[in-house]
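What's in entry24.tsv: TSV, C-alpha atoms
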chain	number	residue	atom	x	y	z
A	1	MET	CA	17.55	-96.95	18.76
A	2	LEU	CA	15.16	-97.23	15.81
A	3	ILE	CA	12.49	-98.80	18.00
A	4	ASN	CA	12.97	-95.99	20.52
A	5	ILE	CA	12.16	-93.35	17.88
A	6	VAL	CA	9.05	-95.29	16.88
A	7	ILE	CA	7.89	-95.65	20.52
A	8	LEU	CA	8.42	-91.94	21.25
A	9	PHE	CA	6.73	-90.94	18.00
A	10	ILE	CA	3.67	-92.98	18.95
A	11	LYS	CA	3.72	-91.82	22.57
A	12	ASP	CA	4.08	-88.12	21.80
A	13	LEU	CA	2.36	-87.71	18.44
A	14	LEU	CA	-0.40	-90.36	18.33
A	15	PRO	CA	-2.61	-88.27	20.68
A	16	ILE	CA	-2.50	-85.43	18.10
A	17	PHE	CA	-3.61	-87.79	15.31
A	18	ILE	CA	-6.45	-89.13	17.51
A	19	LEU	CA	-7.59	-85.64	18.49
A	20	LEU	CA	-7.68	-84.50	14.85
A	21	CYS	CA	-9.52	-87.67	13.86
A	22	LEU	CA	-12.19	-87.25	16.55
A	23	LEU	CA	-12.59	-83.55	15.78
A	24	LYS	CA	-12.97	-84.21	12.06
A	25	THR	CA	-15.45	-87.08	12.43
A	26	CYS	CA	-17.78	-86.22	15.27
A	27	VAL	CA	-16.85	-83.21	17.40
A	28	ALA	CA	-16.32	-80.35	14.98
A	29	PRO	CA	-16.47	-81.65	11.38
A	30	ASN	CA	-17.34	-78.23	9.92
A	31	THR	CA	-14.58	-76.38	11.77
A	32	LEU	CA	-11.63	-78.31	10.41
A	33	SER	CA	-11.79	-77.00	6.86
A	34	SER	CA	-8.55	-76.94	4.87
A	35	LYS	CA	-8.15	-73.22	5.62
A	36	ASN	CA	-8.53	-73.75	9.39
A	37	LEU	CA	-6.26	-76.79	9.26
A	38	TYR	CA	-3.62	-74.65	7.55
A	39	ILE	CA	-3.97	-71.94	10.25
A	40	THR	CA	-3.73	-74.61	12.97
A	41	LEU	CA	-0.62	-76.09	11.35
A	42	VAL	CA	1.16	-72.73	11.05
A	43	LEU	CA	0.27	-71.69	14.62
A	44	SER	CA	1.34	-75.10	15.93
A	45	LEU	CA	4.70	-74.90	14.16
A	46	ILE	CA	5.34	-71.43	15.60
A	47	GLY	CA	4.28	-72.69	19.05
A	48	ILE	CA	6.47	-75.81	18.86
A	49	ILE	CA	9.60	-73.89	17.81
A	50	THR	CA	9.02	-71.20	20.46
A	51	THR	CA	8.34	-73.75	23.21
A	52	PHE	CA	11.38	-75.82	22.21
A	53	HIS	CA	13.62	-72.78	22.66
A	54	LEU	CA	11.90	-71.64	25.86
A	55	LEU	CA	11.61	-75.05	27.58
A	56	PRO	CA	14.93	-74.82	29.52
A	57	SER	CA	13.99	-71.36	30.88
A	58	MET	CA	10.40	-72.49	31.51
A	59	SER	CA	11.68	-75.38	33.63
A	60	GLU	CA	13.34	-72.91	36.01
A	61	LEU	CA	10.25	-70.75	36.52
A	62	PHE	CA	8.41	-70.75	39.90
A	63	GLY	CA	11.32	-72.46	41.65
A	64	GLY	CA	11.79	-75.24	39.11
A	65	VAL	CA	8.14	-76.18	38.62
A	66	GLY	CA	7.48	-73.99	35.56
A	67	ILE	CA	6.88	-76.67	32.93
A	68	GLU	CA	4.46	-78.60	35.13
A	69	VAL	CA	2.47	-75.50	36.12
A	70	ILE	CA	2.28	-74.13	32.55
A	71	GLN	CA	1.37	-77.55	31.09
A	72	SER	CA	-1.32	-78.05	33.74
A	73	ILE	CA	-2.88	-74.68	32.88
A	74	GLU	CA	-2.70	-75.52	29.18
A	75	LEU	CA	-4.34	-78.93	29.73
A	76	LEU	CA	-7.11	-77.30	31.74
A	77	ILE	CA	-7.71	-74.73	28.98
A	78	ILE	CA	-7.76	-77.53	26.36
A	79	TYR	CA	-10.29	-79.54	28.37
A	80	LEU	CA	-12.64	-76.60	28.96
A	81	CYS	CA	-12.39	-75.30	25.37
A	82	LEU	CA	-13.01	-78.73	23.83
A	83	LEU	CA	-15.86	-79.50	26.22
A	84	PHE	CA	-17.57	-76.19	25.46
A	85	SER	CA	-17.07	-76.78	21.73
A	86	SER	CA	-18.57	-80.30	21.80
A	87	SER	CA	-22.15	-79.06	21.44
A	88	TYR	CA	-22.30	-80.23	17.80
A	89	MET	CA	-22.32	-83.85	19.00
A	90	VAL	CA	-25.71	-83.26	20.67
A	91	THR	CA	-27.36	-80.48	18.70
A	92	GLN	CA	-25.88	-81.18	15.23
A	93	ASP	CA	-25.90	-77.38	14.80
A	94	LYS	CA	-22.92	-75.68	13.20
A	95	LEU	CA	-20.44	-74.39	15.79
A	96	THR	CA	-20.38	-70.67	16.52
A	97	ILE	CA	-17.33	-68.60	15.55
A	98	ILE	CA	-16.22	-68.53	19.21
A	99	GLN	CA	-16.50	-72.32	19.46
A	100	SER	CA	-14.59	-72.80	16.19
A	101	ASN	CA	-11.82	-70.52	17.42
A	102	LEU	CA	-11.69	-72.39	20.73
A	103	VAL	CA	-11.31	-75.68	18.83
A	104	ILE	CA	-8.38	-74.20	16.88
A	105	ILE	CA	-6.75	-72.79	20.04
A	106	SER	CA	-7.07	-76.07	21.92
A	107	THR	CA	-5.76	-78.09	18.96
A	108	VAL	CA	-2.74	-75.78	18.71
A	109	LEU	CA	-2.07	-76.03	22.47
A	110	PHE	CA	-2.48	-79.81	22.43
A	111	THR	CA	-0.10	-80.14	19.46
A	112	VAL	CA	2.47	-77.84	21.06
A	113	ILE	CA	2.46	-79.74	24.40
A	114	ASN	CA	2.93	-83.13	22.76
A	115	ALA	CA	5.16	-82.26	19.82
A	116	SER	CA	7.63	-79.99	21.67
A	117	GLN	CA	8.70	-82.94	23.87
A	118	PHE	CA	9.28	-85.01	20.75
A	119	ILE	CA	11.40	-82.24	19.22
A	120	VAL	CA	13.56	-82.18	22.40
A	121	PHE	CA	14.20	-85.91	21.88
A	122	ILE	CA	14.95	-85.54	18.16
A	123	ASP	CA	17.36	-82.69	18.91
A	124	SER	CA	19.13	-84.76	21.59
A	125	TYR	CA	19.26	-87.78	19.28
A	126	VAL	CA	20.61	-85.84	16.28
A	127	VAL	CA	23.51	-84.55	18.42
A	128	ASN	CA	24.44	-88.09	19.53
A	129	SER	CA	23.71	-90.05	16.40
A	130	ASP	CA	26.16	-90.61	13.56
A	131	SER	CA	23.59	-91.57	11.00
A	132	ILE	CA	20.49	-89.66	9.99
A	133	LYS	CA	19.12	-92.81	8.31
A	134	ASN	CA	17.80	-94.26	11.59
A	135	ILE	CA	15.92	-91.07	12.35
A	136	ILE	CA	14.25	-90.92	8.94
A	137	VAL	CA	13.27	-94.62	9.01
A	138	GLY	CA	11.99	-94.29	12.60
A	139	LEU	CA	9.95	-91.21	11.73
A	140	ALA	CA	8.51	-92.92	8.64
A	141	ILE	CA	7.47	-96.04	10.60
A	142	GLY	CA	6.03	-93.95	13.45
A	143	PHE	CA	4.12	-91.75	11.02
A	144	GLY	CA	2.79	-94.83	9.21
A	145	ILE	CA	1.54	-96.42	12.44
A	146	CYS	CA	-0.14	-93.18	13.59
A	147	LEU	CA	-1.76	-92.67	10.20
A	148	SER	CA	-3.02	-96.27	10.02
A	149	PHE	CA	-4.41	-96.14	13.55
A	150	SER	CA	-6.17	-92.82	13.03
A	151	SER	CA	-7.61	-94.08	9.72
A	152	LEU	CA	-9.06	-97.11	11.49
A	153	LEU	CA	-10.49	-94.87	14.21
A	154	TYR	CA	-11.92	-92.55	11.53
A	155	PHE	CA	-13.82	-95.43	9.90
A	156	LEU	CA	-14.91	-96.84	13.27
A	157	VAL	CA	-16.38	-93.50	14.37
A	158	HIS	CA	-18.12	-93.09	10.99
A	159	TRP	CA	-19.56	-96.58	11.34
A	160	LEU	CA	-20.78	-95.71	14.86
A	161	ILE	CA	-22.38	-92.51	13.55
A	162	LYS	CA	-24.16	-94.49	10.79
A	163	ASN	CA	-25.43	-96.99	13.35
A	164	LYS	CA	-26.58	-94.12	15.57
A	165	SER	CA	-24.46	-95.41	18.46
A	166	ARG	CA	-24.25	-91.91	19.91
A	167	PHE	CA	-23.52	-92.98	23.46
A	168	ILE	CA	-20.40	-94.92	22.44
A	169	ILE	CA	-19.09	-91.85	20.58
A	170	TYR	CA	-19.82	-89.66	23.62
A	171	LEU	CA	-18.01	-92.19	25.79
A	172	ILE	CA	-14.92	-92.30	23.53
A	173	TRP	CA	-14.72	-88.48	23.51
A	174	ALA	CA	-15.38	-88.19	27.27
A	175	LEU	CA	-12.70	-90.77	28.13
A	176	PHE	CA	-10.21	-89.14	25.76
A	177	LEU	CA	-10.74	-85.71	27.36
A	178	SER	CA	-10.71	-87.06	30.92
A	179	GLY	CA	-7.60	-89.12	30.24
A	180	HIS	CA	-5.70	-86.02	29.22
A	181	ILE	CA	-6.95	-83.63	31.92
A	182	SER	CA	-6.11	-86.23	34.59
A	183	GLN	CA	-2.44	-86.02	33.62
A	184	VAL	CA	-2.50	-82.69	35.49
A	185	ILE	CA	-2.44	-84.64	38.76
A	186	ASN	CA	0.74	-86.54	37.82
A	187	LEU	CA	2.39	-83.28	36.75
A	188	LEU	CA	1.48	-81.48	39.97
A	189	GLN	CA	2.34	-84.44	42.18
A	190	GLN	CA	5.85	-84.72	40.78
A	191	VAL	CA	6.59	-81.12	41.81
A	192	ASN	CA	4.81	-81.44	45.16
A	193	ILE	CA	1.98	-79.00	44.47
A	194	THR	CA	-0.67	-81.63	45.18
A	195	GLN	CA	-0.49	-84.49	47.64
A	196	SER	CA	0.22	-88.03	46.52
A	197	SER	CA	-1.61	-90.73	48.43
A	198	GLY	CA	-0.10	-93.75	46.68
A	199	ALA	CA	-1.69	-96.17	44.23
A	200	LEU	CA	-5.37	-97.07	44.69
A	201	TRP	CA	-5.03	-100.34	42.78
A	202	ASP	CA	-2.52	-102.10	40.54
A	203	THR	CA	-3.51	-103.73	37.25
A	204	SER	CA	0.07	-104.22	36.02
A	205	ASN	CA	-0.52	-107.97	35.87
A	206	ILE	CA	-3.32	-107.39	33.31
A	207	VAL	CA	-1.96	-104.49	31.21
A	208	LYS	CA	1.43	-102.99	32.02
A	209	ASP	CA	1.94	-99.24	31.51
A	210	SER	CA	5.13	-100.01	29.59
A	211	SER	CA	3.47	-102.48	27.18
A	212	GLU	CA	2.17	-101.57	23.71
A	213	TYR	CA	-1.44	-101.90	24.92
A	214	GLY	CA	-0.58	-99.78	27.95
A	215	HIS	CA	0.75	-96.99	25.71
A	216	LEU	CA	-2.28	-97.21	23.44
A	217	LEU	CA	-4.84	-97.24	26.25
A	218	ASN	CA	-3.01	-94.36	27.92
A	219	THR	CA	-3.21	-92.31	24.73
A	220	LEU	CA	-6.87	-93.16	24.15
A	221	PHE	CA	-8.28	-93.04	27.68
A	222	GLY	CA	-5.44	-92.02	30.02
A	223	TYR	CA	-5.01	-95.58	31.32
A	224	GLU	CA	-2.69	-96.05	34.28
A	225	ALA	CA	-1.97	-99.40	35.89
A	226	SER	CA	-1.55	-97.91	39.37
A	227	PRO	CA	-3.41	-94.59	39.57
A	228	SER	CA	-3.42	-92.46	42.68
A	229	TYR	CA	-6.58	-91.49	44.56
A	230	GLU	CA	-6.24	-87.89	43.31
A	231	PHE	CA	-5.91	-89.09	39.69
A	232	VAL	CA	-9.07	-91.20	39.94
A	233	MET	CA	-10.96	-88.34	41.60
A	234	LEU	CA	-10.06	-85.85	38.86
A	235	TYR	CA	-10.87	-88.45	36.19
A	236	ALA	CA	-14.30	-89.07	37.74
A	237	LEU	CA	-14.92	-85.34	38.21
A	238	SER	CA	-14.11	-84.53	34.60
A	239	LEU	CA	-16.40	-87.35	33.40
A	240	LEU	CA	-19.15	-86.01	35.64
A	241	LEU	CA	-18.69	-82.49	34.24
A	242	PHE	CA	-18.75	-83.85	30.69
A	243	PHE	CA	-21.96	-85.84	31.08
A	244	GLY	CA	-23.55	-83.03	33.12
A	245	TYR	CA	-22.89	-80.62	30.25
A	246	PHE	CA	-24.19	-83.11	27.69
A	247	ILE	CA	-27.40	-83.76	29.65
A	248	LEU	CA	-27.91	-79.99	29.85
A	249	LEU	CA	-27.38	-79.67	26.08
A	250	SER	CA	-29.76	-82.58	25.38
A	251	LYS	CA	-32.49	-81.04	27.55
A	252	ARG	CA	-32.09	-77.68	25.81
A	253	GLN	CA	-32.18	-79.40	22.42
A	254	TYR	CA	-35.34	-81.30	23.41
A	255	THR	CA	-37.02	-78.01	24.39
A	256	VAL	CA	-36.01	-76.39	21.06
A	257	ASP	CA	-37.24	-79.42	19.08
A	258	SER	CA	-40.61	-79.55	20.86
A	259	SER	CA	-41.20	-75.81	20.38
A	260	LYS	CA	-40.38	-76.24	16.66
A	261	GLU	CA	-42.91	-79.08	16.44
A	262	LYS	CA	-45.55	-76.87	18.08
A	263	TRP	CA	-44.89	-74.18	15.48
A	264	HIS	CA	-45.34	-76.72	12.70
A	265	VAL	CA	-48.65	-77.89	14.16
A	266	LEU	CA	-49.91	-74.31	14.43
B	1	MET	CA	-20.49	-58.92	51.08
B	2	PRO	CA	-20.70	-62.43	52.63
B	3	LYS	CA	-19.78	-63.83	49.23
B	4	TYR	CA	-16.45	-61.99	49.39
B	5	ILE	CA	-15.82	-63.27	52.92
B	6	TYR	CA	-16.43	-66.85	51.81
B	7	PHE	CA	-14.17	-66.33	48.82
B	8	HIS	CA	-11.34	-64.90	50.96
B	9	CYS	CA	-11.68	-67.69	53.54
B	10	LEU	CA	-11.54	-70.29	50.78
B	11	LEU	CA	-8.51	-68.60	49.22
B	12	PHE	CA	-6.74	-68.41	52.57
B	13	ILE	CA	-7.41	-72.06	53.38
B	14	SER	CA	-6.23	-73.26	49.96
B	15	LEU	CA	-3.09	-71.10	50.11
B	16	PHE	CA	-2.40	-72.37	53.63
B	17	PHE	CA	-2.63	-76.01	52.55
B	18	MET	CA	-0.61	-75.36	49.40
B	19	SER	CA	2.14	-73.63	51.36
B	20	GLN	CA	2.19	-76.48	53.90
B	21	ASN	CA	2.57	-78.82	51.00
B	22	ILE	CA	5.24	-76.90	49.08
B	23	TRP	CA	7.52	-76.00	51.94
B	24	ALA	CA	7.10	-79.11	54.08
B	25	LYS	CA	10.53	-80.59	54.84
B	26	THR	CA	11.32	-83.68	52.82
B	27	ILE	CA	14.43	-85.81	52.66
B	28	GLU	CA	16.66	-85.10	49.66
B	29	PHE	CA	18.39	-87.67	47.47
B	30	HIS	CA	20.74	-86.99	44.59
B	31	LEU	CA	21.18	-88.69	41.22
B	32	ILE	CA	23.75	-87.82	38.57
B	33	LEU	CA	23.39	-88.49	34.88
B	34	GLU	CA	26.77	-88.73	33.21
B	35	ASN	CA	27.57	-90.31	29.82
B	36	HIS	CA	23.92	-91.45	29.67
B	37	VAL	CA	24.28	-93.46	32.90
B	38	PHE	CA	22.48	-92.76	36.19
B	39	ILE	CA	24.79	-92.75	39.24
B	40	PRO	CA	24.05	-94.46	41.59
B	41	SER	CA	22.04	-97.01	39.67
B	42	GLU	CA	20.48	-98.25	42.92
B	43	LEU	CA	19.07	-95.67	45.28
B	44	LYS	CA	17.66	-96.62	48.66
B	45	ILE	CA	14.95	-94.37	50.07
B	46	PRO	CA	12.67	-94.66	53.12
B	47	ALA	CA	9.34	-96.32	52.48
B	48	TYR	CA	6.07	-94.49	53.25
B	49	LYS	CA	7.76	-91.08	53.09
B	50	LYS	CA	7.78	-88.36	50.48
B	51	VAL	CA	11.24	-87.87	49.00
B	52	LYS	CA	12.84	-85.07	46.98
B	53	LEU	CA	14.98	-86.40	44.15
B	54	ILE	CA	17.48	-83.95	42.67
B	55	ILE	CA	18.87	-85.11	39.32
B	56	HIS	CA	21.92	-83.42	37.86
B	57	ASN	CA	22.30	-83.94	34.12
B	58	LYS	CA	26.02	-83.54	33.42
B	59	ASP	CA	25.67	-84.51	29.76
B	60	ASN	CA	25.53	-82.01	26.94
B	61	THR	CA	22.24	-83.41	25.65
B	62	ALA	CA	18.77	-83.56	27.13
B	63	GLU	CA	17.36	-86.74	28.66
B	64	GLU	CA	13.94	-87.69	29.96
B	65	PHE	CA	13.60	-89.28	33.37
B	66	ASP	CA	10.79	-91.78	33.02
B	67	SER	CA	9.29	-94.29	35.38
B	68	PHE	CA	6.10	-96.27	34.88
B	69	ASP	CA	6.39	-97.63	38.43
B	70	LEU	CA	6.56	-94.15	39.93
B	71	ASN	CA	4.26	-92.39	37.43
B	72	ARG	CA	6.94	-89.77	36.84
B	73	GLU	CA	8.20	-88.22	33.61
B	74	LYS	CA	10.42	-85.16	33.37
B	75	VAL	CA	12.87	-83.73	30.84
B	76	LEU	CA	16.40	-83.27	32.22
B	77	PHE	CA	17.99	-80.37	30.38
B	78	PRO	CA	21.76	-80.46	29.69
B	79	ASN	CA	23.98	-79.29	32.55
B	80	LYS	CA	21.02	-78.49	34.77
B	81	LYS	CA	19.56	-79.80	38.02
B	82	THR	CA	15.97	-81.02	38.09
B	83	THR	CA	13.81	-81.81	41.09
B	84	ILE	CA	11.16	-84.52	41.25
B	85	PHE	CA	9.11	-85.51	44.29
B	86	ILE	CA	8.33	-89.19	44.72
B	87	GLY	CA	6.37	-91.21	47.21
B	88	PRO	CA	5.14	-92.03	49.76
B	89	LEU	CA	6.03	-95.50	48.41
B	90	SER	CA	5.37	-98.89	49.91
B	91	SER	CA	8.40	-101.20	50.29
B	92	GLY	CA	9.67	-102.50	47.01
B	93	GLN	CA	11.68	-101.80	43.87
B	94	TYR	CA	10.73	-99.07	41.41
B	95	GLU	CA	12.49	-98.97	38.06
B	96	TYR	CA	13.28	-95.82	36.12
B	97	PHE	CA	15.09	-95.11	32.87
B	98	GLY	CA	16.23	-92.37	30.55
B	99	GLU	CA	13.70	-92.39	27.74
B	100	TYR	CA	16.19	-91.16	25.12
B	101	ASN	CA	18.85	-93.74	26.05
B	102	PRO	CA	16.97	-96.63	27.64
B	103	GLY	CA	19.82	-99.05	26.98
B	104	SER	CA	22.35	-97.33	29.25
B	105	ALA	CA	20.41	-94.88	31.41
B	106	ARG	CA	18.64	-97.24	33.81
B	107	GLY	CA	18.27	-97.52	37.53
B	108	VAL	CA	16.15	-98.68	40.39
B	109	ILE	CA	14.80	-96.97	43.50
B	110	ILE	CA	14.48	-99.28	46.47
B	111	ALA	CA	12.00	-98.21	49.12
B	112	GLU	CA	12.89	-99.73	52.50
B	113	VAL	CA	11.32	-99.43	55.92
B	114	ILE	CA	14.52	-99.44	57.99
B	115	ASN	CA	18.32	-99.04	57.69
B	116	VAL	CA	18.21	-96.06	55.37
B	117	ASN	CA	20.91	-93.40	55.35
Let me see the file written as structure tokens.
Amino acid sequence: MLINIVILFIKDLLPIFILLCLLKTCVAPNTLSSKNLYITLVLSLIGIITTFHLLPSMSELFGGVGIEVIQSIELLIIYLCLLFSSSYMVTQDKLTIIQSNLVIISTVLFTVINASQFIVFIDSYVVNSDSIKNIIVGLAIGFGICLSFSSLLYFLVHWLIKNKSRFIIYLIWALFLSGHISQVINLLQQVNITQSSGALWDTSNIVKDSSEYGHLLNTLFGYEASPSYEFVMLYALSLLLFFGYFILLSKRQYTVDSSKEKWHVL
Amino acid sequence: MPKYIYFHCLLFISLFFMSQNIWAKTIEFHLILENHVFIPSELKIPAYKKVKLIIHNKDNTAEEFDSFDLNREKVLFPNKKTTIFIGPLSSGQYEYFGEYNPGSARGVIIAEVINVN
């Protein structure tokens, strides 16, 4: 049972660690001050407790598809807010107040989605389990793994920034965002709101979804061994939107830079 | 004005397809979760058809239906029925498990072309 707690901790909470790490290093380093982090933490805790109590009622909304519909809307909001707030990566200008608030909102929503499921598990496990020792040890190991992984990612991204490997950082952020927005398709397919056309390919013989690498790649880039056509389409579309927005930002930045240079010459 | 017409046409078409999708008749199958065990542990369903799976959690604790083979993941709240749509699946075996009790809550869905009740 100990290993189960660790697996669920990593599955549900590692994405939060990765998001915070990417935000702090390259997406919105100025936004995540200790004051904003404190606000995010308090709002997330309120959100998690509220969602945990409302989840059973939410599941019965819209004829039993409530959780999927609400989570899909939340994931869409997170994607759009984070994409709009990624301008710092291109312009290196401080984020506007609106963008900073959107980063906080999306971080809170992302934390609530992932952590509330983990709390449901912990609650169910506490009721069944005789000893609290397993839970504490499991949580400690899970927390340690998440912290170590996000520290490594933190240093890797900093190293990439130093080496001016901008495109790799863009790619990591784009794949992370696309991986999470694409989960919308799985959510909607399981309640029959969108069609399911079966798996496009199967890479289970290379990396299984259930393996450690499968879990990690899923958290980082939304990896699925046998994705459906709709999943791949949404993934591709979100990548296209991301790079379209970034090209637009780069062009605008180029125009601003060249006009500044002209002013200097004059 | 034409913009509004296009918008309404688009809305109508999307609602039409969504309604076709939501209320299309699908075959129902039932699973029961009792004492952290799925009953029946082997469920035969028709291959290449969409299927509605109704899972009744009779335990007093929550469980999470999880399947990597089916790409499905849903929390089963205590003493409640939950619906999941699966398929169309090609012939074969698709494993699922209860994520909170993977040792006992396990089962397999077998998609078959013929001889399915």
Any idea what's packed within 10 Å of Ser197 in chain A, counting only C-alpha atoms, ignoring anything in its chain fewer than 5 positions away? Could you give it as a CSV table (one decimal) with C-alpha atoms, keeping the file's coordinate frame?
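This is the output file around23.csv:
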chain,number,residue,atom,x,y,z
A,189,GLN,CA,2.3,-84.4,42.2
A,227,PRO,CA,-3.4,-94.6,39.6
A,228,SER,CA,-3.4,-92.5,42.7
A,229,TYR,CA,-6.6,-91.5,44.6
A,230,GLU,CA,-6.2,-87.9,43.3
A,231,PHE,CA,-5.9,-89.1,39.7
B,48,TYR,CA,6.1,-94.5,53.2
B,50,LYS,CA,7.8,-88.4,50.5
B,87,GLY,CA,6.4,-91.2,47.2
B,88,PRO,CA,5.1,-92.0,49.8
B,89,LEU,CA,6.0,-95.5,48.4
- Task: Could you list, as an MDAnalysis selection string, the residues of chain B having an atom within 7 Å of chain A when counting all atoms listed in the file?
- Result: chainID B and resid 18 21:22 61:62 68 71:72 77 84:89 100
* With only C-alpha atoms as the basis for distance, which of B:His36, B:His56, B:His30, B:Lys44 is at the shortest distance from Pro102 in chain B? ->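 Among the listed residues, the smallest separation from Pro102 in chain B belongs to B:His36.
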Quiz item: Quick one, how far is CA of Tyr235 in chain A from CA of Ile181 in chain A?
Solution: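 So the two atoms, CA of Tyr235 in chain A and CA of Ile181 in chain A, lie 7.5 Å apart.
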Correct to one decimal, the distance CA of Lys52 in chain B-CA of Glu74 in chain A is 25.5 Å
Contact residues around Ile46 in chain A with only C-alpha atoms at 12 Å, ignoring same-chain residues under 4 positions, as a PDB file with C-alpha atoms, in the frame of the given file:
ATOM      1  CA  ILE A  39      -3.970 -71.940  10.250  1.00  0.00           C
ATOM      2  CA  THR A  40      -3.730 -74.610  12.970  1.00  0.00           C
ATOM      3  CA  LEU A  41      -0.620 -76.090  11.350  1.00  0.00           C
ATOM      4  CA  VAL A  42       1.160 -72.730  11.050  1.00  0.00           C
ATOM      5  CA  THR A  50       9.020 -71.200  20.460  1.00  0.00           C
ATOM      6  CA  THR A  51       8.340 -73.750  23.210  1.00  0.00           C
ATOM      7  CA  PHE A  52      11.380 -75.820  22.210  1.00  0.00           C
ATOM      8  CA  HIS A  53      13.620 -72.780  22.660  1.00  0.00           C
ATOM      9  CA  VAL A 108      -2.740 -75.780  18.710  1.00  0.00           C
ATOM     10  CA  LEU A 109      -2.070 -76.030  22.470  1.00  0.00           C
ATOM     11  CA  THR A 111      -0.100 -80.140  19.460  1.00  0.00           C
ATOM     12  CA  VAL A 112       2.470 -77.840  21.060  1.00  0.00           C
ATOM     13  CA  ALA A 115       5.160 -82.260  19.820  1.00  0.00           C
ATOM     14  CA  SER A 116       7.630 -79.990  21.670  1.00  0.00           C
TER      15      SER A 116
END
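Rounded to one decimal, CA of Asn57 in chain B and CA of Glu112 in chain B lie 26.0 Å from each other.
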- Task: Extract, using only C-alpha atoms, all DNA, RNA and protein residues at most 8 Å from Val113 in chain B, discarding same-chain residues fewer than 6 positions from it, and format them as a PyMOL selection string.
- Result: chain B and resi 46-48+91
query: So which residues fall inside 12 Å of (18.7, -85.2, 33.4) if we count all atoms listed in the file? Mind giving them as a VMD selection string?
result: (chain A and resid 56 124) or (chain B and resid 30 to 39 53 to 66 73 to 84 97 to 101 105)
Fewer than 4 positions away in the same chain doesn't count, so skip those; otherwise give me all residues within 12 Å of range 30-36 of chain A, counting all atoms listed in the file, as a CSV table (one decimal) with C-alpha atoms, keeping the file's coordinate frame.
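Below is the file that was written, result.csv:
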chain,number,residue,atom,x,y,z
A,19,LEU,CA,-7.6,-85.6,18.5
A,20,LEU,CA,-7.7,-84.5,14.8
A,21,CYS,CA,-9.5,-87.7,13.9
A,22,LEU,CA,-12.2,-87.2,16.6
A,23,LEU,CA,-12.6,-83.6,15.8
A,24,LYS,CA,-13.0,-84.2,12.1
A,25,THR,CA,-15.4,-87.1,12.4
A,26,CYS,CA,-17.8,-86.2,15.3
A,40,THR,CA,-3.7,-74.6,13.0
A,41,LEU,CA,-0.6,-76.1,11.4
A,42,VAL,CA,1.2,-72.7,11.0
A,43,LEU,CA,0.3,-71.7,14.6
A,44,SER,CA,1.3,-75.1,15.9
A,85,SER,CA,-17.1,-76.8,21.7
A,86,SER,CA,-18.6,-80.3,21.8
A,88,TYR,CA,-22.3,-80.2,17.8
A,89,MET,CA,-22.3,-83.8,19.0
A,92,GLN,CA,-25.9,-81.2,15.2
A,93,ASP,CA,-25.9,-77.4,14.8
A,94,LYS,CA,-22.9,-75.7,13.2
A,95,LEU,CA,-20.4,-74.4,15.8
A,96,THR,CA,-20.4,-70.7,16.5
A,97,ILE,CA,-17.3,-68.6,15.6
A,98,ILE,CA,-16.2,-68.5,19.2
A,99,GLN,CA,-16.5,-72.3,19.5
A,100,SER,CA,-14.6,-72.8,16.2
A,101,ASN,CA,-11.8,-70.5,17.4
A,102,LEU,CA,-11.7,-72.4,20.7
A,103,VAL,CA,-11.3,-75.7,18.8
A,104,ILE,CA,-8.4,-74.2,16.9
A,105,ILE,CA,-6.8,-72.8,20.0
A,107,THR,CA,-5.8,-78.1,19.0
A,108,VAL,CA,-2.7,-75.8,18.7
For Phe167 in chain A, which residue out of A:Phe243, A:Trp201, A:Tyr213, A:Phe118 is the nearest one, using all atoms listed in the file?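 Answer, going by the shortest atom-to-atom distance: A:Phe243.
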